[in-house]
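Source file data08.cif; content: mmCIF, C-alpha atoms.
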data_coords
#
loop_
_atom_site.label_atom_id
_atom_site.label_comp_id
_atom_site.auth_asym_id
_atom_site.auth_seq_id
_atom_site.Cartn_x
_atom_site.Cartn_y
_atom_site.Cartn_z
CA THR A 1 -41.84 -16.73 3.06
CA GLU A 2 -45.14 -18.27 4.15
CA ILE A 3 -44.50 -17.43 7.79
CA TYR A 4 -44.70 -13.73 6.97
CA THR A 5 -48.09 -14.00 5.30
CA VAL A 6 -49.97 -16.06 7.90
CA PRO A 7 -52.24 -13.79 10.01
CA TYR A 8 -51.79 -14.18 13.76
CA THR A 9 -54.61 -12.07 15.13
CA LEU A 10 -55.67 -11.80 18.77
CA SER A 11 -58.77 -10.09 20.16
CA LEU A 12 -61.17 -10.15 23.07
CA HIS A 13 -63.57 -12.15 20.89
CA ASP A 14 -61.38 -15.21 21.52
CA ALA A 15 -62.42 -15.15 25.18
CA LEU A 16 -66.15 -14.67 24.56
CA PRO A 17 -67.09 -18.42 24.62
CA VAL A 18 -65.17 -18.85 27.87
CA CYS A 19 -66.88 -15.80 29.39
CA ALA A 20 -70.32 -17.00 28.28
CA LEU A 21 -69.83 -20.44 29.80
CA SER A 22 -68.30 -18.96 32.93
CA LEU A 23 -71.34 -16.72 33.43
CA LEU A 24 -73.51 -19.82 33.89
CA SER A 25 -71.90 -20.28 37.28
CA ALA A 26 -73.61 -17.12 38.59
CA PRO A 27 -77.24 -18.41 38.62
CA LEU A 28 -76.04 -21.78 39.93
CA ALA A 29 -74.26 -20.05 42.81
CA LEU A 30 -77.48 -18.20 43.66
CA LEU A 31 -79.30 -21.56 43.95
CA LEU A 32 -76.75 -23.21 46.25
CA PRO A 33 -78.11 -21.89 49.61
CA LEU A 34 -81.77 -22.43 48.66
CA PRO A 35 -82.01 -26.08 49.87
CA LEU A 36 -80.79 -24.99 53.31
CA LYS A 37 -83.48 -22.32 53.54
CA ILE A 38 -86.16 -24.84 52.54
CA ALA A 39 -84.93 -27.33 55.15
CA VAL A 40 -84.96 -24.75 57.95
CA ASP A 41 -88.11 -22.78 57.12
CA SER A 42 -90.35 -25.31 55.34
CA VAL A 43 -89.25 -28.62 56.91
CA LEU A 44 -88.40 -27.55 60.46
CA GLY A 45 -90.35 -24.30 60.65
CA GLY A 46 -93.54 -25.43 58.92
CA GLN A 47 -93.63 -22.49 56.52
CA PRO A 48 -94.86 -22.96 52.91
CA LEU A 49 -92.44 -23.67 50.11
CA PRO A 50 -91.32 -20.77 47.89
CA ALA A 51 -93.91 -20.12 45.20
CA ALA A 52 -91.60 -21.20 42.39
CA LEU A 53 -91.16 -24.68 43.94
CA ARG A 54 -94.76 -25.43 44.93
CA PRO A 55 -95.68 -26.92 41.52
CA LEU A 56 -93.08 -29.64 42.16
CA VAL A 57 -95.23 -31.09 44.96
CA PRO A 58 -98.76 -32.41 44.31
CA GLY A 59 -101.33 -30.58 46.43
CA GLY A 60 -101.33 -27.08 47.72
CA ALA A 61 -99.76 -27.62 51.17
CA PRO A 62 -96.85 -30.11 51.03
CA SER A 63 -95.93 -32.07 54.13
CA ALA A 64 -92.57 -31.85 55.86
CA PRO A 65 -91.27 -35.06 54.20
CA ALA A 66 -92.30 -33.73 50.78
CA ALA A 67 -90.56 -30.41 51.45
CA LEU A 68 -87.45 -32.30 52.60
CA ALA A 69 -87.51 -34.36 49.40
CA VAL A 70 -87.70 -31.14 47.36
CA ALA A 71 -84.75 -29.66 49.28
CA ALA A 72 -82.66 -32.82 48.82
CA GLY A 73 -83.53 -33.14 45.14
CA LEU A 74 -82.75 -29.48 44.53
CA ALA A 75 -79.38 -29.79 46.30
CA LEU A 76 -78.47 -32.82 44.18
CA ALA A 77 -79.58 -31.18 40.91
CA VAL A 78 -77.65 -27.98 41.62
CA ALA A 79 -74.53 -29.98 42.56
CA VAL A 80 -74.66 -31.94 39.28
CA LEU A 81 -75.09 -28.76 37.24
CA VAL A 82 -72.22 -27.06 39.06
CA GLN A 83 -69.89 -29.99 38.36
CA LEU A 84 -70.88 -30.16 34.69
CA GLN A 85 -70.41 -26.44 34.26
CA GLY A 86 -67.01 -26.59 35.96
CA LEU A 87 -65.85 -29.47 33.75
CA ALA A 88 -66.99 -27.76 30.55
CA SER A 89 -65.35 -24.48 31.60
CA TRP A 90 -62.06 -26.20 32.41
CA VAL A 91 -61.90 -27.96 29.02
CA LEU A 92 -62.86 -24.83 27.07
CA GLU A 93 -60.45 -22.61 29.03
CA THR A 94 -57.58 -25.02 28.43
CA TYR A 95 -58.25 -25.30 24.70
CA THR A 96 -58.82 -21.58 24.13
CA GLY A 97 -55.87 -20.55 26.30
CA GLU A 98 -53.40 -22.86 24.61
CA GLN A 99 -54.58 -21.73 21.18
CA LEU A 100 -54.10 -18.09 22.18
CA VAL A 101 -50.57 -18.72 23.45
CA LEU A 102 -49.63 -20.70 20.34
CA ARG A 103 -50.86 -18.00 17.98
CA PHE A 104 -49.24 -15.21 20.01
CA ARG A 105 -45.89 -17.02 20.12
CA ALA A 106 -46.08 -17.63 16.37
CA ARG A 107 -46.75 -13.95 15.80
CA LEU A 108 -43.82 -12.93 18.00
CA PHE A 109 -41.51 -15.44 16.31
CA ALA A 110 -42.47 -14.21 12.84
CA HIS A 111 -41.86 -10.62 13.93
CA VAL A 112 -38.47 -11.40 15.50
CA GLN A 113 -37.29 -12.86 12.20
CA ARG A 114 -38.20 -9.60 10.46
CA LEU A 115 -36.06 -7.48 12.83
CA SER A 116 -32.67 -6.32 11.65
CA LEU A 117 -29.41 -7.96 12.62
CA ALA A 118 -28.44 -4.71 14.31
CA TYR A 119 -31.38 -5.09 16.70
CA HIS A 120 -30.33 -8.64 17.65
CA ASP A 121 -26.69 -7.53 18.05
CA ARG A 122 -27.81 -4.73 20.33
CA HIS A 123 -30.30 -6.65 22.49
CA GLY A 124 -29.09 -10.22 22.14
CA THR A 125 -31.22 -13.22 21.28
CA THR A 126 -31.93 -14.27 24.86
CA ASP A 127 -34.23 -11.33 25.56
CA SER A 128 -36.39 -12.17 22.54
CA THR A 129 -36.37 -15.85 23.49
CA TYR A 130 -37.49 -15.04 27.03
CA ARG A 131 -40.34 -12.88 25.78
CA ILE A 132 -41.55 -15.54 23.35
CA GLN A 133 -41.28 -18.43 25.80
CA TYR A 134 -42.14 -16.87 29.17
CA ASP A 135 -43.85 -13.52 28.56
CA ALA A 136 -46.21 -14.66 25.78
CA PRO A 137 -48.30 -16.99 28.05
CA ALA A 138 -49.43 -13.86 29.92
CA ILE A 139 -51.99 -13.34 27.14
CA GLN A 140 -53.70 -16.56 28.28
CA TRP A 141 -53.88 -15.40 31.89
CA VAL A 142 -55.12 -11.92 31.02
CA LEU A 143 -57.90 -13.01 28.64
CA ILE A 144 -58.88 -16.43 30.04
CA HIS A 145 -57.97 -16.42 33.72
CA GLY A 146 -58.35 -12.68 34.23
CA VAL A 147 -61.19 -11.24 32.14
CA ALA A 148 -63.58 -14.22 32.46
CA PRO A 149 -63.36 -14.58 36.30
CA LEU A 150 -63.63 -10.82 36.77
CA LEU A 151 -66.74 -10.65 34.59
CA THR A 152 -68.31 -13.65 36.32
CA SER A 153 -67.52 -12.23 39.76
CA ALA A 154 -69.12 -8.90 38.82
CA VAL A 155 -72.33 -10.60 37.61
CA LEU A 156 -72.42 -12.87 40.68
CA LEU A 157 -71.88 -9.89 42.94
CA GLY A 158 -74.77 -8.00 41.37
CA GLY A 159 -77.12 -10.99 41.60
CA MET A 160 -76.33 -11.70 45.23
CA VAL A 161 -76.71 -8.07 46.20
CA ALA A 162 -80.14 -7.98 44.54
CA VAL A 163 -81.30 -11.18 46.30
CA THR A 164 -79.88 -10.11 49.67
CA ALA A 165 -81.49 -6.68 49.37
CA GLY A 166 -84.82 -8.37 48.63
CA ILE A 167 -84.51 -10.29 51.93
CA ASP A 168 -83.11 -7.50 54.13
CA ARG A 169 -81.93 -4.15 52.76
CA GLN A 170 -80.03 -3.21 55.90
CA LEU A 171 -77.98 -6.40 55.79
CA ALA A 172 -77.23 -5.82 52.10
CA ALA A 173 -76.09 -2.27 52.84
CA VAL A 174 -73.80 -3.45 55.65
CA ALA A 175 -72.36 -6.19 53.46
CA LEU A 176 -71.62 -3.73 50.66
CA ALA A 177 -69.94 -1.25 53.01
CA VAL A 178 -66.64 -3.11 52.61
CA VAL A 179 -66.58 -2.71 48.82
CA PRO A 180 -65.21 0.89 48.77
CA VAL A 181 -62.54 -0.12 51.29
CA LEU A 182 -61.44 -3.10 49.15
CA PHE A 183 -61.41 -0.94 46.03
CA LEU A 184 -59.23 1.68 47.74
CA ILE A 185 -56.78 -0.98 48.96
CA ARG A 186 -56.31 -2.45 45.50
CA GLN A 187 -56.24 0.94 43.79
CA VAL A 188 -53.33 2.04 45.94
CA SER A 189 -51.45 -1.27 45.68
CA SER A 190 -51.79 -1.78 41.92
CA ARG A 191 -49.76 1.31 41.14
CA GLY A 192 -46.49 -0.15 42.43
CA LEU A 193 -47.00 -3.85 41.68
CA ARG A 194 -46.86 -3.57 37.90
CA SER A 195 -43.57 -1.66 37.78
CA ARG A 196 -42.03 -4.08 40.29
CA TRP A 197 -43.08 -7.09 38.21
CA THR A 198 -41.62 -5.48 35.09
CA ARG A 199 -38.29 -5.08 36.87
CA VAL A 200 -38.35 -8.72 38.03
CA ARG A 201 -39.00 -9.94 34.49
CA GLU A 202 -36.05 -7.88 33.22
CA ILE A 203 -33.76 -9.36 35.88
CA GLU A 204 -34.86 -12.91 35.04
CA SER A 205 -34.20 -12.26 31.36
CA ALA A 206 -30.73 -10.93 32.23
CA ALA A 207 -29.93 -14.09 34.25
CA MET A 208 -31.00 -16.23 31.31
CA SER A 209 -28.73 -14.15 29.05
CA VAL A 210 -25.72 -15.04 31.19
CA VAL A 211 -26.45 -18.75 30.74
CA GLN A 212 -26.85 -18.50 26.99
CA GLU A 213 -23.77 -16.32 26.52
CA THR A 214 -21.62 -18.66 28.62
CA LEU A 215 -22.75 -21.82 26.86
CA ALA A 216 -22.35 -20.22 23.43
CA ALA A 217 -18.74 -19.29 24.24
CA LEU A 218 -17.93 -22.29 26.43
CA ARG A 219 -14.66 -23.06 24.66
CA VAL A 220 -13.38 -19.53 25.33
CA VAL A 221 -14.59 -19.63 28.95
CA LYS A 222 -12.75 -22.90 29.58
CA ALA A 223 -9.63 -21.74 27.73
CA PHE A 224 -9.26 -18.71 30.01
CA GLY A 225 -10.51 -20.43 33.19
CA GLN A 226 -13.48 -18.08 33.66
CA GLU A 227 -15.97 -20.66 34.95
CA GLN A 228 -16.07 -19.16 38.46
CA ARG A 229 -16.51 -15.64 37.11
CA GLU A 230 -19.45 -16.67 34.93
CA GLN A 231 -20.94 -18.58 37.86
CA GLU A 232 -20.79 -15.47 40.01
CA ARG A 233 -22.37 -13.39 37.23
CA PHE A 234 -25.26 -15.81 36.99
CA LEU A 235 -25.75 -16.05 40.76
CA ASP A 236 -25.72 -12.25 41.06
CA ARG A 237 -28.48 -11.80 38.47
CA ALA A 238 -30.51 -14.78 39.71
CA THR A 239 -30.27 -13.64 43.35
CA GLN A 240 -31.62 -10.23 42.41
CA GLY A 241 -34.61 -11.94 40.80
CA VAL A 242 -35.23 -14.06 43.89
CA ARG A 243 -35.12 -11.00 46.12
CA GLY A 244 -37.57 -9.21 43.86
CA GLN A 245 -39.95 -12.18 43.95
CA LEU A 246 -39.75 -12.31 47.76
CA ARG A 247 -40.49 -8.60 48.11
CA LEU A 248 -43.50 -8.96 45.84
CA ALA A 249 -44.69 -12.03 47.78
CA VAL A 250 -44.50 -10.11 51.08
CA LEU A 251 -46.34 -7.14 49.57
CA GLN A 252 -49.04 -9.34 48.02
CA GLY A 253 -49.42 -11.35 51.23
CA GLY A 254 -49.85 -8.19 53.28
CA LEU A 255 -52.51 -6.91 50.92
CA ASP A 256 -54.36 -10.24 51.03
CA LEU A 257 -54.25 -10.13 54.84
CA LEU A 258 -55.72 -6.63 54.86
CA VAL A 259 -58.46 -7.69 52.43
CA GLY A 260 -59.28 -10.77 54.54
CA LEU A 261 -59.56 -8.74 57.74
CA THR A 262 -61.83 -6.21 56.03
CA MET A 263 -64.19 -8.94 54.82
CA ALA A 264 -64.14 -10.63 58.24
CA ALA A 265 -65.25 -7.36 59.82
CA GLY A 266 -68.12 -7.13 57.31
CA THR A 267 -69.19 -10.72 58.04
CA ALA A 268 -69.18 -10.11 61.80
CA ALA A 269 -71.28 -6.95 61.40
CA VAL A 270 -73.86 -8.75 59.24
CA LEU A 271 -74.04 -11.65 61.72
CA VAL A 272 -74.70 -9.34 64.69
CA ILE A 273 -77.36 -7.31 62.89
CA GLY A 274 -78.97 -10.43 61.37
CA VAL A 275 -79.30 -12.16 64.73
CA ARG A 276 -80.97 -9.06 66.17
CA HIS A 277 -83.43 -9.01 63.26
CA VAL A 278 -84.29 -12.67 63.89
CA GLN A 279 -84.85 -11.91 67.58
CA ALA A 280 -87.08 -8.98 66.62
CA GLY A 281 -89.12 -11.21 64.28
CA THR A 282 -88.38 -9.22 61.12
CA LEU A 283 -86.23 -11.99 59.63
CA THR A 284 -86.68 -15.75 59.68
CA LEU A 285 -83.87 -18.09 60.68
CA GLY A 286 -83.85 -19.61 57.21
CA ASN A 287 -83.48 -16.19 55.61
CA LEU A 288 -80.62 -15.38 57.99
CA LEU A 289 -78.88 -18.60 56.97
CA ILE A 290 -79.37 -17.87 53.29
CA VAL A 291 -78.07 -14.31 53.79
CA MET A 292 -74.96 -15.63 55.56
CA ALA A 293 -74.46 -18.21 52.81
CA TYR A 294 -74.85 -15.51 50.19
CA LEU A 295 -72.47 -13.32 52.15
CA ALA A 296 -69.80 -16.01 52.01
CA GLN A 297 -70.36 -16.26 48.27
CA LEU A 298 -70.66 -12.49 48.00
CA TYR A 299 -67.26 -11.95 49.57
CA ALA A 300 -65.77 -14.82 47.55
CA PRO A 301 -66.10 -12.91 44.24
CA LEU A 302 -64.91 -9.75 45.96
CA GLU A 303 -61.84 -11.63 47.16
CA THR A 304 -61.45 -13.14 43.69
CA VAL A 305 -61.57 -9.71 42.09
CA SER A 306 -59.13 -8.38 44.68
CA ARG A 307 -56.66 -11.24 44.19
CA LYS A 308 -57.03 -11.23 40.41
CA LEU A 309 -56.30 -7.52 40.21
CA GLY A 310 -53.11 -8.08 42.19
CA GLN A 311 -52.03 -11.12 40.17
CA LEU A 312 -53.04 -9.34 36.96
CA GLN A 313 -50.19 -6.88 37.41
CA ALA A 314 -47.61 -9.66 36.89
CA SER A 315 -49.30 -10.84 33.71
CA LEU A 316 -49.76 -7.29 32.44
CA ALA A 317 -46.07 -6.64 32.99
CA SER A 318 -45.21 -9.72 30.91
CA ALA A 319 -47.77 -8.79 28.27
CA ASP A 320 -46.27 -5.31 28.04
CA ARG A 321 -42.86 -6.84 27.37
CA ALA A 322 -44.26 -9.15 24.69
CA PHE A 323 -46.12 -6.36 22.91
CA ALA A 324 -43.08 -4.11 23.22
CA LEU A 325 -41.24 -6.67 21.09
CA LEU A 326 -43.95 -6.35 18.44
CA ASP A 327 -43.52 -2.56 18.53
CA GLN A 328 -39.88 -2.86 17.44
#
Could you write out this structure as structure tokens?
Amino acid sequence: TEIYTVPYTLSLHDALPVCALSLLSAPLALLLPLPLKIAVDSVLGGQPLPAALRPLVPGGAPSAPAALAVAAGLALAVAVLVQLQGLASWVLETYTGEQLVLRFRARLFAHVQRLSLAYHDRHGTTDSTYRIQYDAPAIQWVLIHGVAPLLTSAVLLGGMVAVTAGIDRQLAAVALAVVPVLFLIRQVSSRGLRSRWTRVREIESAAMSVVQETLAALRVVKAFGQEQREQERFLDRATQGVRGQLRLAVLQGGLDLLVGLTMAAGTAAVLVIGVRHVQAGTLTLGNLLIVMAYLAQLYAPLETVSRKLGQLQASLASADRAFALLDQ
């Protein structure tokens, strides 16, 4: 009876440490292009170092070799911090995610044992097994690999927009022009993806049911020579699942292509306008390089959000099935 009294609670608080550590990547990403700007403007262009870095060099006007040393040291320090943050995030995500899945599976298993025999006779045991084994891990993806990256991408997006706007507001406005387009693409696509993934999960569960039913009654199947019939039943269900996966892959690939082309158009527009600003003398070459570097990192979180929202539909479909079992 102990299994019925152990609390198996899940909440968004479980993902808070992962989110907090993941958010550290945002300021580090903002520092990545800075050494390149220093090398171009302060080493090659002879301009003074940014005010925040001048205390690192003795004297008021550092020489080109000193500025180069600052740029190289900053690049090395940022790289080390990025690697350490990535390692710590990976370990914490793995530990937290596995703990979430274990507790969720235990909760589902305890609940399944409480259900009546009539429920198991009506639905079969394979469906519950599939939900515990294959649908339950969706909670890890939603909370750890979905919420945390989305939150980090949003913070990184806001920081890069603020920095880019401080350098050149027109370039920031052009770069952000693609955001409504990307949002509209994913808003339209997300409506159909979730229902399609739910159907695929049901078909996969049905194919697994054929296997379990056949093996459980193998003596009867052999006695009546029904091996070929059961094989055809399995292949029919499994083939439907494969076709569903292929249709979803084509749909997801087409959406990713559309998103990539939209971001490429935004990059090209920023490049053209930025070069004209450099030629007009309103923007330095170093600032143009840092804007283009930020733009690559700006579109990276946008692409991450776009991809995550598409992939999230598969995990949400599995999570719906797992929680539906708890609702019984």
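Considering the residues A:Ser42, A:Leu171, A:Ala72, A:Glu230 and counting all atoms listed in the file, Met292 (chain A) has its shortest atom-to-atom contact with A:Leu171.
Candidate residues A:Ala26, A:Ala79, A:Trp90, A:Gly286 were compared for distance to Leu49 (chain A), and the nearest is A:Gly286, using only C-alpha atoms.
Shell of Ile132 (chain A) at 9 Å, with only C-alpha atoms counted and residues fewer than 4 places along the chain excluded, is A:Phe104, A:Arg105, A:Ala106, A:Leu108, A:Phe109, A:Asp127, A:Ser128, A:Ala136, A:Pro137, A:Ala322.
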Output of the above residues as a short mmCIF file (atom, residue, chain, number, x, y, z; two decimals), keeping the file's coordinate frame, restricted to C-alpha atoms:
data_model
loop_
_atom_site.label_atom_id
_atom_site.label_comp_id
_atom_site.auth_asym_id
_atom_site.auth_seq_id
_atom_site.Cartn_x
_atom_site.Cartn_y
_atom_site.Cartn_z
CA PHE A 104 -49.24 -15.21 20.01
CA ARG A 105 -45.89 -17.02 20.12
CA ALA A 106 -46.08 -17.63 16.37
CA LEU A 108 -43.82 -12.93 18.00
CA PHE A 109 -41.51 -15.44 16.31
CA ASP A 127 -34.23 -11.33 25.56
CA SER A 128 -36.39 -12.17 22.54
CA ALA A 136 -46.21 -14.66 25.78
CA PRO A 137 -48.30 -16.99 28.05
CA ALA A 322 -44.26 -9.15 24.69
#
Q: Pull out every residue that the PyMOL selection byres ((chain A and resi 161) around 12) matches in the shown coordinates and put them as a PyMOL selection string.
A: chain A and resi 30+153-160+162-177+179+291+294-295+297-299+301-302
(Q) Can you translate the PyMOL selection byres ((chain A and resi 231-237) around 8) into the concrete residues it hits in this file, as number ranges by chain? (A) A: 203-204, 206-207, 210-211, 227-230, 238-241
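Pairwise distance (CA of Ala216 (chain A), CA of Gln133 (chain A)) equals 19.2 Å.
Selection by the PyMOL selection byres ((chain A and resi 32) around 9) on the present file picks out Leu28, Ala29, Leu30, Leu31, Pro33, Leu34, Pro35, Leu36, Leu74, Ala75, Val78, Ala79, Ala293 and Tyr294 of chain A.
Proximity to Leu87 (chain A) was assessed for A:Gln113, A:Ser22, A:Ser209, A:Gln47 counting all atoms listed in the file; the smallest distance is recorded for A:Ser22.
Here CA of Thr152 (chain A) is placed at a distance of 8.9 Å from CA of Ala20 (chain A).
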